[in-house]
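K.L.:
Take a look at query-v2.txt, compact mmCIF, C-alpha atoms:
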```
# COMPACT_ATOMS: atom_id res chain seq x y z
CA MET I 1 -10.64 -78.71 -0.26
CA VAL I 2 -9.91 -75.62 1.82
CA THR I 3 -8.43 -72.75 -0.19
CA ALA I 4 -4.66 -72.45 -0.19
CA TYR I 5 -4.93 -68.96 1.31
CA ALA I 6 -7.07 -70.26 4.19
CA VAL I 7 -4.45 -72.92 4.94
CA ALA I 8 -1.50 -70.50 4.68
CA ALA I 9 -3.31 -67.97 6.87
CA THR I 10 -3.31 -70.47 9.78
CA VAL I 11 0.50 -70.82 9.88
CA THR I 12 1.91 -69.14 12.98
CA ASP I 13 5.02 -67.03 13.30
CA PRO I 14 7.87 -69.03 14.91
CA GLU I 15 8.99 -66.08 17.07
CA LEU I 16 5.53 -64.75 17.97
CA PRO I 17 3.42 -67.95 17.99
CA MET I 18 0.29 -66.12 19.14
CA LEU I 19 0.20 -64.52 15.66
CA THR I 20 -0.42 -66.10 12.29
CA LEU I 21 1.65 -64.95 9.34
CA ALA I 22 -1.52 -63.20 8.15
CA ASP I 23 -1.89 -61.39 11.53
CA LEU I 24 1.74 -60.31 11.29
CA GLY I 25 1.27 -59.05 7.74
CA VAL I 26 4.10 -61.08 6.23
CA LEU I 27 1.72 -63.26 4.21
CA ARG I 28 1.43 -61.19 1.05
CA GLU I 29 -0.21 -63.34 -1.58
CA VAL I 30 -1.30 -66.91 -2.22
CA SER I 31 -2.18 -68.11 -5.70
CA GLU I 32 -3.19 -71.58 -6.81
CA SER I 33 -3.46 -73.14 -10.23
CA GLY I 34 -3.86 -76.80 -11.08
CA GLY I 35 -2.72 -78.06 -7.67
CA ARG I 36 0.33 -75.76 -7.64
CA VAL I 37 0.48 -73.07 -4.96
CA VAL I 38 2.72 -70.02 -4.92
CA VAL I 39 2.98 -68.12 -1.65
CA ALA I 40 4.63 -64.71 -1.30
CA ILE I 41 5.96 -63.62 2.08
CA THR I 42 7.88 -60.54 3.19
CA PRO I 43 10.44 -60.67 6.02
CA THR I 44 9.93 -58.33 8.94
CA TYR I 45 13.52 -57.16 8.41
CA THR I 46 16.51 -58.08 6.26
CA GLY I 47 18.17 -61.19 7.59
CA CYS I 48 15.18 -62.32 9.66
CA PRO I 49 16.24 -65.75 10.98
CA ALA I 50 12.64 -67.01 11.03
CA MET I 51 12.22 -66.93 7.23
CA ASP I 52 13.40 -70.52 6.68
CA THR I 53 11.05 -71.79 9.37
CA MET I 54 8.14 -69.78 7.95
CA ARG I 55 8.84 -71.21 4.51
CA ASP I 56 9.06 -74.78 5.84
CA ASP I 57 5.88 -74.38 7.91
CA LEU I 58 3.96 -73.03 4.90
CA VAL I 59 5.11 -75.90 2.69
CA HIS I 60 4.25 -78.45 5.39
CA ALA I 61 0.78 -76.99 6.02
CA LEU I 62 -0.09 -76.76 2.32
CA THR I 63 1.22 -80.19 1.34
CA GLY I 64 -0.54 -81.60 4.41
CA ALA I 65 -3.78 -80.05 3.12
CA GLY I 66 -3.35 -81.88 -0.20
CA TYR I 67 -1.55 -79.36 -2.37
CA GLY I 68 1.07 -81.19 -4.38
CA GLU I 69 3.48 -78.49 -5.40
CA VAL I 70 4.21 -75.49 -3.18
CA GLU I 71 6.60 -72.64 -3.88
CA VAL I 72 7.30 -69.92 -1.31
CA ARG I 73 8.75 -66.70 -2.67
CA THR I 74 10.32 -63.89 -0.69
CA VAL I 75 9.09 -60.43 -1.68
CA LEU I 76 11.19 -57.49 -0.50
CA GLN I 77 9.32 -54.56 -2.06
CA PRO I 78 7.62 -52.83 -0.48
CA ALA I 79 9.47 -53.41 2.78
CA TRP I 80 7.42 -54.79 5.65
CA SER I 81 6.17 -52.33 8.26
CA THR I 82 4.68 -52.87 11.69
CA ASP I 83 1.68 -51.02 10.24
CA TRP I 84 0.92 -54.28 8.43
CA ILE I 85 0.12 -56.07 11.70
CA THR I 86 -3.64 -56.45 11.78
CA GLU I 87 -5.77 -55.00 14.58
CA ASP I 88 -6.53 -58.60 15.62
CA GLY I 89 -2.79 -59.27 15.69
CA LYS I 90 -2.16 -56.23 17.90
CA ARG I 91 -4.91 -57.43 20.25
CA LYS I 92 -3.31 -60.91 20.40
CA LEU I 93 0.09 -59.39 21.22
CA ALA I 94 -1.37 -57.36 24.08
CA GLU I 95 -3.26 -60.40 25.41
CA ALA I 96 0.07 -62.29 25.41
CA GLY I 97 1.69 -59.52 27.49
CA ILE I 98 3.61 -57.94 24.58
CA ALA I 99 3.01 -54.26 23.88
CA PRO I 100 1.99 -53.88 20.23
CA PRO I 101 3.67 -51.25 18.07
CA GLY I 102 2.23 -47.82 17.51
CA ALA I 103 2.18 -46.22 14.08
CA ALA I 104 5.44 -46.57 12.17
CA PRO I 105 7.35 -43.34 11.53
CA ARG I 106 6.82 -41.77 8.12
CA ARG I 107 9.85 -40.18 6.52
CA THR I 108 10.91 -38.91 3.15
CA GLY I 109 14.44 -38.14 2.12
CA PRO I 110 17.50 -38.88 4.23
CA ILE I 111 16.98 -40.47 7.64
CA PRO I 112 18.61 -38.39 10.37
CA LEU I 113 21.23 -40.08 12.53
CA THR I 114 20.46 -39.86 16.23
CA LEU I 115 22.60 -41.34 18.95
CA SER I 116 19.85 -41.66 21.52
CA PRO I 117 17.08 -44.27 21.37
CA PRO I 118 13.74 -43.10 20.03
CA VAL I 119 11.29 -41.98 22.68
CA SER I 120 7.77 -43.20 22.21
CA PRO I 121 5.04 -43.73 24.79
CA VAL I 122 4.40 -47.43 25.28
CA ARG I 123 1.53 -48.61 27.45
CA CYS I 124 2.03 -51.54 29.80
CA PRO I 125 0.09 -54.54 28.47
CA HIS I 126 -0.50 -55.69 32.08
CA CYS I 127 -1.95 -52.60 33.79
CA GLY I 128 -2.32 -50.08 30.95
CA SER I 129 -0.03 -47.45 32.48
CA ALA I 130 1.92 -45.19 30.12
CA ASP I 131 4.63 -44.80 32.78
CA THR I 132 7.06 -47.30 31.27
CA GLU I 133 10.78 -47.29 30.54
CA GLU I 134 13.00 -49.09 28.09
CA GLN I 135 15.41 -51.51 29.75
CA SER I 136 17.07 -52.80 26.58
CA ARG I 137 16.65 -51.83 22.92
CA PHE I 138 16.74 -55.54 22.06
CA SER I 139 14.85 -58.41 23.64
CA ALA I 140 14.44 -62.06 22.66
CA THR I 141 14.34 -60.96 19.01
CA ALA I 142 15.75 -57.90 17.25
CA CYS I 143 12.26 -56.58 16.49
CA LYS I 144 11.33 -56.31 20.17
CA ALA I 145 12.57 -54.12 23.04
CA LEU I 146 12.50 -54.99 26.74
CA ARG I 147 10.57 -52.52 28.88
CA ARG I 148 9.43 -52.21 32.49
CA CYS I 149 6.32 -50.60 33.88
CA ARG I 150 6.99 -48.11 36.66
CA SER I 151 3.43 -48.54 38.00
CA CYS I 152 3.05 -52.30 38.33
CA LEU I 153 6.81 -53.02 38.06
CA GLU I 154 6.23 -55.82 35.55
CA PRO I 155 8.71 -56.31 32.71
CA PHE I 156 7.32 -56.73 29.20
CA GLU I 157 8.37 -56.82 25.58
CA HIS I 158 7.38 -54.20 23.01
CA VAL I 159 7.30 -54.77 19.27
CA LYS I 160 9.28 -51.80 17.92
CA GLU I 161 7.77 -49.57 15.25
CA ILE I 162 9.41 -50.18 11.89
```
As structure tokens - that is how I would like this structure written.
P.N.:
Amino acid sequence: MVTAYAVAATVTDPELPMLTLADLGVLREVSESGGRVVVAITPTYTGCPAMDTMRDDLVHALTGAGYGEVEVRTVLQPAWSTDWITEDGKRKLAEAGIAPPGAAPRRTGPIPLTLSPPVSPVRCPHCGSADTEEQSRFSATACKALRRCRSCLEPFEHVKEI
């Protein structure tokens, strides 16, 4: 029988289906004992609407692989960061026309309130130009922004740094 981790690592994200939960970094831990599997996942942000689907997909994949009892736990500490997306996951995002995130900001102490959107250079996944602009802070999902390349004029999504 294939290990429970190997099975869980094949489950794709419902909002970014080119990525597995392992690529996305939300698959935290998989333990198995006597046919019972416990999977720990971390949401990309509080209130992520994909969590129920992720949980159901994990249970379905593991029971389909012959594991009798599957429990999926949500782990909130430490909070997920886009830094947890694997290099392979970032490559898959770019190949799908979605600009992967850069390094997440590191802060200690209070977070300053700014009224303007953060400015970060984002390369176009189509032509590679850094001459891009944000069209909307939110795209199809809250974790992505809609951008446009000024060089090739193509629109694209960008996974925001968290």
K.L.:
Atom CA of Leu76 of chain I and atom CA of Ser139 of chain I, how far apart in Å?
P.N.:
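Atom CA of Leu76 of chain I lies 24.4 Å from atom CA of Ser139 of chain I.
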K.L.:
List the neighbours of Ser151 of chain I out to 12 Å using all atoms listed in the file; skip same-chain residues closer than 6 positions along the sequence, and give me the result as number ranges by chain.
P.N.:
I: 123-133
K.L.:
Would you kindly return, as a short mmCIF file (atom, residue, chain, number, x, y, z; two decimals) with C-alpha atoms, keeping the file's coordinate frame, each protein, DNA or RNA residue with an atom no farther than 7 Å from any atom of segment 38-49 of chain I, considering only C-alpha atoms and excluding same-chain residues fewer than 2 positions away?
P.N.:
```cif
data_model
loop_
_atom_site.label_atom_id
_atom_site.label_comp_id
_atom_site.auth_asym_id
_atom_site.auth_seq_id
_atom_site.Cartn_x
_atom_site.Cartn_y
_atom_site.Cartn_z
CA VAL I 26 4.10 -61.08 6.23
CA LEU I 27 1.72 -63.26 4.21
CA ARG I 28 1.43 -61.19 1.05
CA GLU I 29 -0.21 -63.34 -1.58
CA VAL I 30 -1.30 -66.91 -2.22
CA SER I 31 -2.18 -68.11 -5.70
CA GLU I 32 -3.19 -71.58 -6.81
CA ARG I 36 0.33 -75.76 -7.64
CA MET I 51 12.22 -66.93 7.23
CA VAL I 70 4.21 -75.49 -3.18
CA GLU I 71 6.60 -72.64 -3.88
CA VAL I 72 7.30 -69.92 -1.31
CA ARG I 73 8.75 -66.70 -2.67
CA THR I 74 10.32 -63.89 -0.69
CA VAL I 75 9.09 -60.43 -1.68
CA LEU I 76 11.19 -57.49 -0.50
CA TRP I 80 7.42 -54.79 5.65
#
```
K.L.:
Taking (11.0, -68.6, 15.3) as a centre in this file's frame and 10 Å as the limit, can you find every polymer residue with an atom that close, using all atoms listed in the file, and give them as a ChimeraX atom specification?
P.N.:
/I:12-17,48-54,141
K.L.:
Please determine, counting only C-alpha atoms, which residue among I:His158, I:Val2, I:Leu153, I:Phe138 has the shortest atom-to-atom distance to Gly64 of chain I.
P.N.:
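The closest residue to Gly64 of chain I is I:Val2.
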K.L.:
Skip segment 144-146 of chain I itself and residues of its chain fewer than 5 positions away, then list as a list of chain:residue names all residues within 8 Å of it, counting all atoms listed in the file.
P.N.:
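The residues that qualify are I:Glu134, I:Gln135, I:Ser136, I:Arg137, I:Phe138, I:Ser139, I:Pro155, I:Phe156, I:Glu157, I:His158, I:Val159, I:Lys160.
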K.L.:
Given the selection you just returned, output its residues as a file containing C-alpha atoms, formatted as a PDB file, keeping the file's coordinate frame.
P.N.:
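Final output, part14.pdb:
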```pdb
ATOM      1  CA  GLU I 134      13.000 -49.090  28.090  1.00  0.00           C
ATOM      2  CA  GLN I 135      15.410 -51.510  29.750  1.00  0.00           C
ATOM      3  CA  SER I 136      17.070 -52.800  26.580  1.00  0.00           C
ATOM      4  CA  ARG I 137      16.650 -51.830  22.920  1.00  0.00           C
ATOM      5  CA  PHE I 138      16.740 -55.540  22.060  1.00  0.00           C
ATOM      6  CA  SER I 139      14.850 -58.410  23.640  1.00  0.00           C
ATOM      7  CA  PRO I 155       8.710 -56.310  32.710  1.00  0.00           C
ATOM      8  CA  PHE I 156       7.320 -56.730  29.200  1.00  0.00           C
ATOM      9  CA  GLU I 157       8.370 -56.820  25.580  1.00  0.00           C
ATOM     10  CA  HIS I 158       7.380 -54.200  23.010  1.00  0.00           C
ATOM     11  CA  VAL I 159       7.300 -54.770  19.270  1.00  0.00           C
ATOM     12  CA  LYS I 160       9.280 -51.800  17.920  1.00  0.00           C
TER      13      LYS I 160
END
```
K.L.:
State, in Å with one decimal place, the distance from atom CA of Val37 of chain I to atom CA of Ala4 of chain I.
P.N.:
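That distance, rounded to one decimal, is 7.0 Å.
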K.L.:
For atom CA of Gly102 of chain I and atom CA of Glu154 of chain I, determine how far apart the two atoms are, in Å to one decimal place.
P.N.:
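That distance, rounded to one decimal, is 20.1 Å.
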K.L.:
Using all atoms listed in the file, find the one residue out of I:Leu21, I:Gly34, I:Ala65, I:Asp83 that sits nearest to Val7 of chain I.
P.N.:
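Checking each of I:Leu21, I:Gly34, I:Ala65, I:Asp83 against Val7 of chain I, counting all atoms listed in the file, the winner is I:Ala65.
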